[in-house]
Amino acid sequence: MQNIKRALVTGISGQDGAYLAQLLLEKGYEVTGTFRRTSSVNFWRIEELGIQNHPNLNLVEHDLTDLSSSIRLLQKGRFHEIYNLAAQSFVGVSFEQPVTTAEITGIGAVNLLEAIRIVDPSIRFYQASTSEMFGKVQAIPQKEDTPFYPRSPYGVAKLYAHWMTVNYRESYGIFGCSGILFNHESPLRGREFVTRKITDAVAKIKLDKLDVLELGNLDAKRDWGFAKEYVEGMWRILQADKPDTYVLATNRTETVRDFVTMAFKAAGIAIEWQGEAENETGHDAQTGKLRVRISPKFYRPAEVDLLIGDPAKALTELGWAPKTTLEELCQMMVEADLRRNAAGFSF
Ligand SMILES: C[C@H]1O[C@H](OP(=O)(O)OP(=O)(O)OC[C@H]2O[C@@H](n3cnc4c(=O)[nH]c(N)nc43)[C@H](O)[C@@H]2O)[C@@H](O)[C@@H](O)C1=O
């Protein structure tokens, strides 16, 4: 019993929190997962993974913006490792709610670092940093030493949390690590993000429950990997001999348009594109039916045009490499959404 490791995962109700909790439980950890109070907290992800009643999983309500409750949480839990995955993580919303985003996504991380400093500086800390910090990219591909240029309030808040993690590492010797993760998707992705929005809509179109998918900028390019593999990378980052910063990415980039074509193909529908920019449309090549239309409401005030990461350091130092191709990931997501929509599932 002496050797059981205790981990705190903030953001347990999110995609990464659910996959990471599953991984840590499989490794024999005791896991405390935190979630934010809302009128209807939803645990569909940990339910789908079948871990919601695991004897070593403890779910705790916690607000990252409250320092004193973070301190009490750490005093009570006596954790060895903390994974800070909680955030206001939707880039689009961050333009509408910049202050809330700064408080949760930026200051929230510092509250945890402060709590570590006060309660037990030997706790290992993982900060969920993001490729959004590269924003208007200063080099291609992006790696650990590429200069940052965030393009959204979300990216700016994450950059603050990132540098505070580095600063607490350098100032107080805290084992503070930062994983700069490029987009990572799965059947557990929220439907506000573009990949899951697409696979869910494709499933609905296939099942005749929807006519047209409405999207914003189809030209944005992203480096999309499989979230389940990325949480394994988070764990490896905290097991390293020394605290550091790592990029996790696939080193392949595709446009949103490519992902749409791929998703329809996975459902047996060929899409033909016509027109340009805001007038672009996608039609079913066989029936001629309109299936994709552009809506300006999904455009962002400032866009990140191109992301492609170089994960070489993670491969060399941690032995981490992505395995699932984008085609396999897309197929997995479309199949999950076909199954769910056929069964009337609505998350
Ligand atoms: C790594 C990073 O990854 C994620 O951030 P994101 O890249 O903004 O993700 P997304 O799926 O919302 O957008 C991807 C691209 O797709 C474009 N796009 C077009 N049409 C729609 C559309 O209709 N909806 C959305 N959401 N995006 C659209 C949109 O303009 C953007 O260029 C978060 O996990 C974030 O937390 C994070 O850290």
# chains A, B, ... in the order shown; residues from 1 in each chain; ligands from 1

call {"tool": "select_by_dssp", "arguments": {"residues": "range 72-246 of chain A", "states": "alpha helix (DSSP H)", "output": "JSON, numbers by chain"}}
result
{"A": [72, 73, 74, 75, 76, 77, 91, 92, 93, 94, 95, 96, 98, 99, 100, 101, 108, 109, 110, 111, 112, 113, 114, 115, 116, 117, 118, 119, 153, 154, 155, 156, 157, 158, 159, 160, 161, 162, 163, 164, 165, 166, 167, 168, 169, 170, 171, 172, 194, 195, 196, 197, 198, 199, 200, 201, 202, 203, 204, 205, 206, 227, 228, 229, 230, 231, 232, 233, 234, 235, 236, 237, 238, 239]}

call {"tool": "residues_near_ligand", "arguments": {"ligand": "ligand 1", "cutoff": "7 Å", "atoms": "only C-alpha atoms and all ligand atoms", "output": "PDB file with C-alpha atoms, in the first residue's frame"}}
result
ATOM      1  CA  SER A  89     -10.352  25.642 -23.652  1.00  0.00           C
ATOM      2  CA  PHE A  90     -12.499  26.828 -26.557  1.00  0.00           C
ATOM      3  CA  VAL A  91     -10.585  29.392 -28.599  1.00  0.00           C
ATOM      4  CA  GLY A  92     -13.755  30.881 -30.142  1.00  0.00           C
ATOM      5  CA  THR A 130      -0.868  24.315 -26.298  1.00  0.00           C
ATOM      6  CA  SER A 131       0.155  24.910 -29.897  1.00  0.00           C
ATOM      7  CA  GLU A 132      -2.168  27.955 -29.781  1.00  0.00           C
ATOM      8  CA  LEU A 181       0.247  19.719 -27.274  1.00  0.00           C
ATOM      9  CA  PHE A 182      -0.981  20.231 -30.797  1.00  0.00           C
ATOM     10  CA  ASN A 183      -4.673  19.541 -31.537  1.00  0.00           C
ATOM     11  CA  HIS A 184      -5.673  16.122 -30.274  1.00  0.00           C
ATOM     12  CA  GLU A 192     -17.829  22.695 -30.173  1.00  0.00           C
ATOM     13  CA  PHE A 193     -14.450  21.702 -31.674  1.00  0.00           C
ATOM     14  CA  VAL A 194     -14.275  21.366 -35.424  1.00  0.00           C
ATOM     15  CA  THR A 195     -13.365  17.683 -35.869  1.00  0.00           C
ATOM     16  CA  LYS A 197     -18.606  18.907 -35.034  1.00  0.00           C
ATOM     17  CA  GLU A 214     -22.219  24.807 -41.516  1.00  0.00           C
ATOM     18  CA  LEU A 215     -18.583  25.718 -40.923  1.00  0.00           C
ATOM     19  CA  GLY A 216     -16.227  28.711 -40.754  1.00  0.00           C
ATOM     20  CA  ASN A 217     -12.697  28.896 -42.175  1.00  0.00           C
ATOM     21  CA  LEU A 218     -11.989  25.758 -44.226  1.00  0.00           C
ATOM     22  CA  ALA A 220      -7.060  26.617 -41.478  1.00  0.00           C
ATOM     23  CA  LYS A 221      -4.410  23.907 -41.212  1.00  0.00           C
ATOM     24  CA  ARG A 222      -3.980  21.817 -38.099  1.00  0.00           C
ATOM     25  CA  VAL A 256     -10.294  21.697 -42.195  1.00  0.00           C
ATOM     26  CA  PHE A 298     -17.876  30.595 -37.234  1.00  0.00           C
ATOM     27  CA  TYR A 299     -14.999  32.817 -38.328  1.00  0.00           C
ATOM     28  CA  ARG A 300     -12.700  34.156 -35.586  1.00  0.00           C
ATOM     29  CA  GLU A 303      -7.095  33.097 -36.979  1.00  0.00           C
ATOM     30  CA  VAL A 304      -4.222  30.666 -36.550  1.00  0.00           C
ATOM     31  CA  ASP A 305      -3.606  29.672 -40.170  1.00  0.00           C
TER      32      ASP A 305
END

call {"tool": "residues_around", "arguments": {"residues": "range 51-60 of chain A", "least_positions_apart": "2", "cutoff": "7 Å", "atoms": "only C-alpha atoms", "output": "count of residues only"}}
result
12

call {"tool": "residues_around", "arguments": {"residues": "Ile205 in chain A", "least_positions_apart": "6", "cutoff": "12 Å", "atoms": "only C-alpha atoms", "output": "list of chain:residue names"}}
result
A:Ile198, A:Thr199, A:Asp211, A:Val212, A:Leu213, A:Ala263, A:Phe264, A:Ala267, A:Gly268, A:Ile269, A:Asp284, A:Lys289, A:Leu290, A:Arg291, A:Val292, A:Val334, A:Asp337, A:Leu338, A:Asn341, A:Ala342

call {"tool": "write_last_selection", "arguments": {"atoms": "N, CA and C atoms", "output": "mmCIF file, in the first residue's frame"}}
result
data_model
loop_
_atom_site.group_PDB
_atom_site.id
_atom_site.type_symbol
_atom_site.label_atom_id
_atom_site.label_comp_id
_atom_site.auth_asym_id
_atom_site.auth_seq_id
_atom_site.Cartn_x
_atom_site.Cartn_y
_atom_site.Cartn_z
ATOM 1 N N ILE A 198 -17.712 18.073 -37.125
ATOM 2 C CA ILE A 198 -17.799 17.495 -38.475
ATOM 3 C C ILE A 198 -18.246 16.029 -38.419
ATOM 4 N N THR A 199 -17.617 15.222 -37.574
ATOM 5 C CA THR A 199 -17.960 13.788 -37.584
ATOM 6 C C THR A 199 -19.391 13.561 -37.097
ATOM 7 N N ASP A 211 -29.382 18.039 -42.978
ATOM 8 C CA ASP A 211 -29.138 18.233 -44.408
ATOM 9 C C ASP A 211 -27.753 18.799 -44.685
ATOM 10 N N VAL A 212 -27.430 19.881 -43.941
ATOM 11 C CA VAL A 212 -26.219 20.642 -44.285
ATOM 12 C C VAL A 212 -25.366 20.921 -43.046
ATOM 13 N N LEU A 213 -24.057 20.803 -43.217
ATOM 14 C CA LEU A 213 -23.081 21.130 -42.172
ATOM 15 C C LEU A 213 -22.590 22.560 -42.407
ATOM 16 N N ALA A 263 -13.959 12.778 -43.560
ATOM 17 C CA ALA A 263 -15.053 12.300 -42.701
ATOM 18 C C ALA A 263 -16.229 11.803 -43.545
ATOM 19 N N PHE A 264 -16.569 12.562 -44.598
ATOM 20 C CA PHE A 264 -17.663 12.098 -45.472
ATOM 21 C C PHE A 264 -17.264 10.778 -46.137
ATOM 22 N N ALA A 267 -17.871 7.824 -44.210
ATOM 23 C CA ALA A 267 -19.287 7.444 -44.151
ATOM 24 C C ALA A 267 -19.796 7.013 -45.534
ATOM 25 N N GLY A 268 -18.880 6.890 -46.496
ATOM 26 C CA GLY A 268 -19.262 6.414 -47.831
ATOM 27 C C GLY A 268 -19.825 7.496 -48.739
ATOM 28 N N ILE A 269 -19.550 8.781 -48.431
ATOM 29 C CA ILE A 269 -20.065 9.885 -49.258
ATOM 30 C C ILE A 269 -18.885 10.661 -49.854
ATOM 31 N N ASP A 284 -22.681 16.512 -52.394
ATOM 32 C CA ASP A 284 -22.584 15.060 -52.549
ATOM 33 C C ASP A 284 -22.366 14.792 -54.040
ATOM 34 N N LYS A 289 -26.635 16.863 -53.795
ATOM 35 C CA LYS A 289 -27.200 17.609 -52.661
ATOM 36 C C LYS A 289 -26.145 18.469 -51.952
ATOM 37 N N LEU A 290 -26.576 19.672 -51.536
ATOM 38 C CA LEU A 290 -25.686 20.557 -50.777
ATOM 39 C C LEU A 290 -25.443 19.944 -49.398
ATOM 40 N N ARG A 291 -24.176 19.776 -49.027
ATOM 41 C CA ARG A 291 -23.851 19.161 -47.731
ATOM 42 C C ARG A 291 -23.012 20.043 -46.818
ATOM 43 N N VAL A 292 -22.233 20.985 -47.408
ATOM 44 C CA VAL A 292 -21.415 21.885 -46.589
ATOM 45 C C VAL A 292 -21.579 23.315 -47.072
ATOM 46 N N VAL A 334 -16.060 8.988 -36.813
ATOM 47 C CA VAL A 334 -17.295 8.879 -37.598
ATOM 48 C C VAL A 334 -18.082 7.648 -37.151
ATOM 49 N N ASP A 337 -19.785 8.285 -33.893
ATOM 50 C CA ASP A 337 -20.943 9.180 -34.019
ATOM 51 C C ASP A 337 -22.103 8.538 -34.777
ATOM 52 N N LEU A 338 -21.795 7.643 -35.698
ATOM 53 C CA LEU A 338 -22.880 6.908 -36.370
ATOM 54 C C LEU A 338 -23.606 6.044 -35.342
ATOM 55 N N ASN A 341 -25.542 8.406 -32.822
ATOM 56 C CA ASN A 341 -26.728 9.046 -33.404
ATOM 57 C C ASN A 341 -27.822 8.028 -33.699
ATOM 58 N N ALA A 342 -27.408 6.816 -34.108
ATOM 59 C CA ALA A 342 -28.413 5.776 -34.354
ATOM 60 C C ALA A 342 -29.124 5.424 -33.048
#

call {"tool": "closest_residue", "arguments": {"among": "A:Val110, A:Leu23, A:Leu318, A:Leu207", "to": "Asp244 in chain A", "atoms": "only C-alpha atoms"}}
result
A:Leu318

call {"tool": "residues_around", "arguments": {"residues": "Phe226 in chain A", "least_positions_apart": "5", "cutoff": "12 Å", "atoms": "only C-alpha atoms", "output": "PyMOL selection string"}}
result
chain A and resi 15-16+19+181-189+195+231-233+248-250+321-333

call {"tool": "write_last_selection", "arguments": {"atoms": "N, CA and C atoms", "output": "short mmCIF file (atom, residue, chain, number, x, y, z; two decimals), in the first residue's frame"}}
result
data_model
loop_
_atom_site.label_atom_id
_atom_site.label_comp_id
_atom_site.auth_asym_id
_atom_site.auth_seq_id
_atom_site.Cartn_x
_atom_site.Cartn_y
_atom_site.Cartn_z
N GLN A 15 -12.21 15.73 -22.32
CA GLN A 15 -11.64 14.62 -23.10
C GLN A 15 -10.33 14.10 -22.51
N ASP A 16 -9.36 15.01 -22.30
CA ASP A 16 -8.05 14.56 -21.85
C ASP A 16 -8.11 14.04 -20.42
N TYR A 19 -9.41 10.40 -20.50
CA TYR A 19 -8.40 9.43 -20.98
C TYR A 19 -7.23 9.30 -19.99
N LEU A 181 0.96 20.70 -26.47
CA LEU A 181 0.25 19.72 -27.27
C LEU A 181 -0.46 20.38 -28.45
N PHE A 182 -0.25 19.80 -29.62
CA PHE A 182 -0.98 20.23 -30.80
C PHE A 182 -2.37 19.59 -30.72
N ASN A 183 -3.27 20.00 -31.62
CA ASN A 183 -4.67 19.54 -31.54
C ASN A 183 -4.72 18.03 -31.39
N HIS A 184 -5.52 17.57 -30.46
CA HIS A 184 -5.67 16.12 -30.27
C HIS A 184 -7.14 15.81 -30.07
N GLU A 185 -7.60 14.85 -30.84
CA GLU A 185 -9.03 14.61 -31.03
C GLU A 185 -9.35 13.16 -30.68
N SER A 186 -10.64 12.86 -30.62
CA SER A 186 -11.07 11.49 -30.31
C SER A 186 -12.59 11.47 -30.35
N PRO A 187 -13.19 10.29 -30.21
CA PRO A 187 -14.65 10.25 -30.09
C PRO A 187 -15.15 10.99 -28.85
N LEU A 188 -14.26 11.30 -27.90
CA LEU A 188 -14.67 12.00 -26.68
C LEU A 188 -14.52 13.53 -26.80
N ARG A 189 -14.14 14.03 -27.93
CA ARG A 189 -14.00 15.46 -28.15
C ARG A 189 -15.37 16.14 -28.02
N THR A 195 -13.37 19.08 -35.39
CA THR A 195 -13.37 17.68 -35.87
C THR A 195 -14.63 16.94 -35.44
N VAL A 231 -2.26 11.65 -23.91
CA VAL A 231 -2.24 11.61 -22.43
C VAL A 231 -1.13 10.68 -21.93
N GLU A 232 -0.81 9.68 -22.74
CA GLU A 232 0.34 8.81 -22.42
C GLU A 232 1.62 9.66 -22.42
N GLY A 233 1.70 10.59 -23.36
CA GLY A 233 2.83 11.52 -23.42
C GLY A 233 2.90 12.40 -22.18
N LEU A 248 4.23 17.77 -28.22
CA LEU A 248 3.62 16.51 -28.68
C LEU A 248 2.77 16.84 -29.91
N ALA A 249 3.09 16.21 -31.03
CA ALA A 249 2.44 16.51 -32.29
C ALA A 249 2.65 15.33 -33.24
N THR A 250 2.03 15.39 -34.44
CA THR A 250 2.22 14.29 -35.41
C THR A 250 3.20 14.65 -36.52
N ALA A 321 5.86 8.56 -29.41
CA ALA A 321 5.57 8.87 -30.82
C ALA A 321 4.11 8.57 -31.10
N PRO A 322 3.44 9.40 -31.92
CA PRO A 322 2.05 9.12 -32.27
C PRO A 322 1.96 7.92 -33.20
N LYS A 323 0.89 7.15 -33.11
CA LYS A 323 0.76 5.95 -33.95
C LYS A 323 -0.44 6.01 -34.89
N THR A 324 -1.55 6.55 -34.41
CA THR A 324 -2.79 6.54 -35.19
C THR A 324 -2.73 7.59 -36.30
N THR A 325 -3.05 7.19 -37.53
CA THR A 325 -3.05 8.18 -38.63
C THR A 325 -4.34 9.01 -38.55
N LEU A 326 -4.33 10.14 -39.25
CA LEU A 326 -5.52 11.00 -39.25
C LEU A 326 -6.71 10.26 -39.89
N GLU A 327 -6.44 9.45 -40.92
CA GLU A 327 -7.53 8.69 -41.55
C GLU A 327 -8.15 7.71 -40.54
N GLU A 328 -7.30 7.04 -39.76
CA GLU A 328 -7.81 6.08 -38.76
C GLU A 328 -8.59 6.80 -37.66
N LEU A 329 -8.06 7.94 -37.24
CA LEU A 329 -8.72 8.73 -36.19
C LEU A 329 -10.10 9.21 -36.67
N CYS A 330 -10.13 9.72 -37.90
CA CYS A 330 -11.37 10.24 -38.47
C CYS A 330 -12.40 9.11 -38.59
N GLN A 331 -11.95 7.96 -39.06
CA GLN A 331 -12.83 6.79 -39.19
C GLN A 331 -13.42 6.39 -37.83
N MET A 332 -12.56 6.37 -36.82
CA MET A 332 -12.97 6.00 -35.46
C MET A 332 -14.04 6.97 -34.94
N MET A 333 -13.85 8.26 -35.22
CA MET A 333 -14.80 9.28 -34.75
C MET A 333 -16.13 9.19 -35.49
#

call {"tool": "closest_residue", "arguments": {"among": "A:Ala109, A:Ile123, A:Leu74, A:Ala201", "to": "His162 in chain A", "atoms": "only C-alpha atoms"}}
result
A:Ala109

call {"tool": "atom_distance", "arguments": {"atom1": "CA of Val9 in chain A", "atom2": "CA of Tyr149 in chain A"}}
result
28.1 Å

call {"tool": "atom_distance", "arguments": {"atom1": "CA of Ala115 in chain A", "atom2": "CA of Ser69 in chain A"}}
result
9.2 Å

call {"tool": "atom_distance", "arguments": {"atom1": "CA of Glu96 in chain A", "atom2": "CA of Pro153 in chain A"}}
result
9.1 Å
